[in-house]
Structures are given as structure tokens and as C-alpha cells.
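Heads up, the thing below is written out as C-alpha cells.
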Amino acid sequence: MPNPTAAMLVIGDEILSGRTRDANMHHLAGELTNVGIDLKEVRIVSDDRPAIISAVQALSAAHDTVFTSGGIGPTHDDITADCIAAAFDTPIDVRDDARALLAAHYAKTGSELNAARLRMARIPDGATLIDNPVSVAPGFTIENVHVMAGVPSVFRAMVATVLPTLTGGAPLISKTLRIDRGEGDIAGPLGVLADAYPDLSIGSYPFQKDGKFGANIVIRGTEGTLVDAALAELETQFPG
């Protein structure tokens with residue numbers, strides 16, 4: 001059986017402008033690989049309502065699970081929650097359980113639960129909350145979409161909360177062989193190897209060091225015996 005598939009939607013003008021470097025995709029990809037869920041697609045969209053709604057609907061229909069990152073804070077440009085509600089045609093409003101979490105947190109810190117902070121308690125009808133042990137304001141899950149904060153520490157904590165609830169498959173096994181030859185020299189044999197092992201992913205990642213060309217060949221698959229066999233064939237053709 002093939003592994004379940006996932007997609008990620010990164011939301012925010014700050015990512016597209018280059019002001020902020022996204023770290024969440026890298027973290028999510030590694031975590032999903034470990035539990036046997038294949039991350040198949042990542043999209044980045046601006047803080048634009050139609051773009052977010054369209055992307056959520058498309059990704060939700062195409063994949064088993066979708067993770068979003070960004071846009072659930074207290075400011076005017078944090079529009080993700082409303083867009084998710086619109087994507088699933090469901091009402092959204094301040095919810096009592098989310099409000100209680102925020103009220104307790106801000107009472108403890110001596111801060112006011114003002115109108116801006118209360119925006120973070122707006123949850124679409126039918127969604128379940130995602131725990132946020134870092135800064136309390138929750139994410140949420142609706143259907144197969146998990147809506148999470150963009151702040152990396154919070155995103156990682158939310159991923160840790162959600163992953164145990166998902167059904168994974170076979171973890172991906174990855175092995176690498178460095179070949180100190182240019183890609184033009186190895187492309188032919190590599191293509192033959194890929195044809196011989198259609199169930200494996202075989203990638204070539206070139207590099208240049210000290211004026212010489214080479215490539216790291218990465219072989220990935222869920223069956224260790226196949227990965228080992230393909231690697232052995234490659235080592236025979238290109239001994240170190």
C-alpha cells in the first residue's frame with residue numbers, strides 16, 4: 001500500500017518578500033518522513049483571501065492531510081482562520097474553549113485579553129483545537145486540514161501534537177553515494193538504474209569542490225532491501 005500523502009500551505013507576504021526565511025517546511029518534511037507520510041506538495045501564498053481559499057480547497061482535495069503555517073495571530077493581516085472557514089463554507093466566531101485558554105494565560109501574565117488578542121480565539125464551527133504549549137493561542141483542525149502558527153517554535157510544538165493522531169505508512173529509507181564524476185558521465189547509468197528500480201526515488205545532486213565536479217546520488221524507498229540492492233549496483237559501476 002502506498003504511504004498517505006500530505007501537502008503544506010505556507011501563508012504570508014513576509015515569506016514571499018524575502019523578509020522571513022521559512023524553516024517550517026524543512027521541519028515538517030523530516031517529521032513526516034519519519035512516520036511514513038509523503039510530503040508531496042508545498043505552496044506559498046500571500047495574505048490574499050481568494051488565494052488562500054483556493055489553495056486550501058485544492059490541497060485538501062488532492063492529499064490525505066494538509067498543514068498550513070502562518071496567519072493565525074492577532075493583527076489585521078492574520079486572515080487564515082477566516083479563509084479556512086470560507087474554504088469549508090462554515091461559520092467562524094470566538095469559541096468559549098479557546099477564549100478560556102487565552103483568558104487564563106493573559107490573566108497569569110497580567111496582560112489584557114483585548115479585542116486583538118481575542119481574534120486568536122476565533123475558530124471555525126466543527127474544528128478541534130490544536131494544543132499550543134509555547135504561547136497558548138491554539139491552532140485547529142477542520143476536516144483534513146491542520147491550521148498552525150508560523151512562528152517556528154510554536155509550529156514545531158503543534159506538529160508534535162498532531163502527528164500522533166495521524167495514520168502513517170512505512171518510514172522512508174534514504175542512502176547516499178558520493179561519486180566524484182560530473183553528472184554528464186553518470187547520467188546514462190543512473191537512468192538505467194532508475195528504470196530497473198521503479199519503486200525507488202533516485203536523485204542526483206551535483207556539487208563542485210576544489211575545481212572538480214561530483215554528485216551525491218540519493219536513493220530513497222520504503223523497502224530497505226531494494227535500496228541496498230540499488231546502492232550496491234551503483235557502487236559496482238562507480239567504485240570509490
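By order in the C-alpha cells, chains are A, B, ...; within a chain, residues start at 1; ligands start at 1, following the order shown.
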I need the residues in stretch 11-229 of chain A that are strand (DSSP E or B) according to DSSP; give them as an NGL selection string.
:A and (11 or 38-45 or 65-69 or 92-94 or 122-124 or 128-130 or 139-142 or 145-148 or 173-179 or 201-209 or 212-221)
Counting only C-alpha atoms, what is within 8 Å of A:Val94, bar same-chain residues fewer than 3 positions away, as a PDB file with C-alpha atoms, in the first residue's frame?
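Writing the result to out-v8.pdb gives the following:
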```
ATOM      1  CA  ALA A  98     -10.333  28.946  23.005  1.00  0.00           C
ATOM      2  CA  ARG A  99     -11.361  32.109  24.847  1.00  0.00           C
ATOM      3  CA  LEU A 118      -9.388  37.696  21.203  1.00  0.00           C
ATOM      4  CA  ARG A 119      -9.095  37.286  17.427  1.00  0.00           C
ATOM      5  CA  ALA A 121      -9.957  32.549  19.763  1.00  0.00           C
ATOM      6  CA  ARG A 122     -11.951  32.681  16.517  1.00  0.00           C
ATOM      7  CA  ILE A 123     -12.386  29.051  15.462  1.00  0.00           C
TER       8      ILE A 123
END
```
Nearby residues (only C-alpha atoms) at most 8 Å from stretch 166-175 of chain A, same-chain spacing under 6 positions excluded, as a ChimeraX atom specification:
/A:2-4,33-37,218-224,227,231
Keeping only N, CA and C atoms, write those residues as a compact mmCIF listing (two decimals), in the first residue's frame.
```txt
# COMPACT_ATOMS: atom_id res chain seq x y z
N PRO A 2 0.53 2.24 -0.84
CA PRO A 2 1.31 3.48 -0.82
C PRO A 2 1.11 4.24 0.48
N ASN A 3 2.11 5.02 0.83
CA ASN A 3 2.01 5.84 2.03
C ASN A 3 0.96 6.94 1.87
N PRO A 4 0.35 7.39 2.97
CA PRO A 4 -0.53 8.56 2.90
C PRO A 4 0.25 9.77 2.39
N THR A 33 8.47 12.28 7.10
CA THR A 33 9.27 11.17 6.59
C THR A 33 9.43 10.09 7.66
N ASN A 34 9.64 10.52 8.89
CA ASN A 34 9.86 9.56 9.98
C ASN A 34 8.65 8.69 10.27
N VAL A 35 7.45 9.21 9.97
CA VAL A 35 6.24 8.44 10.28
C VAL A 35 5.58 7.84 9.05
N GLY A 36 6.25 7.95 7.90
CA GLY A 36 5.73 7.31 6.70
C GLY A 36 4.59 8.05 6.04
N ILE A 37 4.62 9.38 6.08
CA ILE A 37 3.67 10.20 5.33
C ILE A 37 4.47 10.99 4.31
N VAL A 218 21.26 10.10 -4.19
CA VAL A 218 20.42 9.74 -3.04
C VAL A 218 19.35 8.76 -3.51
N ILE A 219 19.32 7.61 -2.86
CA ILE A 219 18.36 6.56 -3.19
C ILE A 219 17.38 6.45 -2.03
N ARG A 220 16.09 6.59 -2.33
CA ARG A 220 15.06 6.58 -1.29
C ARG A 220 13.99 5.55 -1.61
N GLY A 221 13.49 4.93 -0.55
CA GLY A 221 12.41 3.98 -0.73
C GLY A 221 11.96 3.45 0.62
N THR A 222 10.86 2.72 0.62
CA THR A 222 10.33 2.18 1.87
C THR A 222 10.78 0.74 2.11
N GLU A 223 11.41 0.12 1.12
CA GLU A 223 11.91 -1.25 1.28
C GLU A 223 13.42 -1.24 1.31
N GLY A 224 13.97 -1.56 2.49
CA GLY A 224 15.42 -1.49 2.68
C GLY A 224 16.20 -2.39 1.76
N VAL A 227 16.58 -0.66 -1.61
CA VAL A 227 17.52 0.46 -1.51
C VAL A 227 18.95 -0.06 -1.49
N LEU A 231 21.84 0.54 -4.37
CA LEU A 231 23.09 1.18 -3.95
C LEU A 231 24.29 0.30 -4.31
```
Would you please give, as a ChimeraX atom specification, all residues of stretch 83-128 of chain A that DSSP assigns to alpha helix (DSSP H) based on the backbone?
/A:83-87,96-109,115-118
A:Ser46, A:Gly184, A:Phe155, A:Val145 ranked by distance to A:His26, top pick (using only C-alpha atoms)
A:Phe155
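Shortest separation to A:Ala187 among A:Ala55, A:Leu39, A:Leu234, A:Ala61 occurs at residue A:Leu234, atoms counted being only C-alpha atoms.
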Interatomic distance, atom CA of A:Ile186 to atom CA of A:Asn216 (Å, one decimal)
11.0 Å
Report the closest atom pair, with its distance in Å rounded to one decimal, for each residue of stretch 109-156 of chain A that has an atom no farther than 10 Å from stretch 10-14 of chain A; count only C-alpha atoms, sort by chain and then rising residue number, and write it as JSON lines.
```
{"residue": "A:Met148", "atom": "CA", "partner": "A:Val10", "partner_atom": "CA", "distance": 9.8}
{"residue": "A:Ala149", "atom": "CA", "partner": "A:Ile11", "partner_atom": "CA", "distance": 9.8}
{"residue": "A:Gly150", "atom": "CA", "partner": "A:Val10", "partner_atom": "CA", "distance": 8.1}
```
Find, counting only C-alpha atoms, the residue in A:Thr176, A:Gln208, A:Thr65, A:Ser201 that gets nearest to A:Glu41.
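Ranked by minimum distance to A:Glu41, first place goes to A:Thr65.
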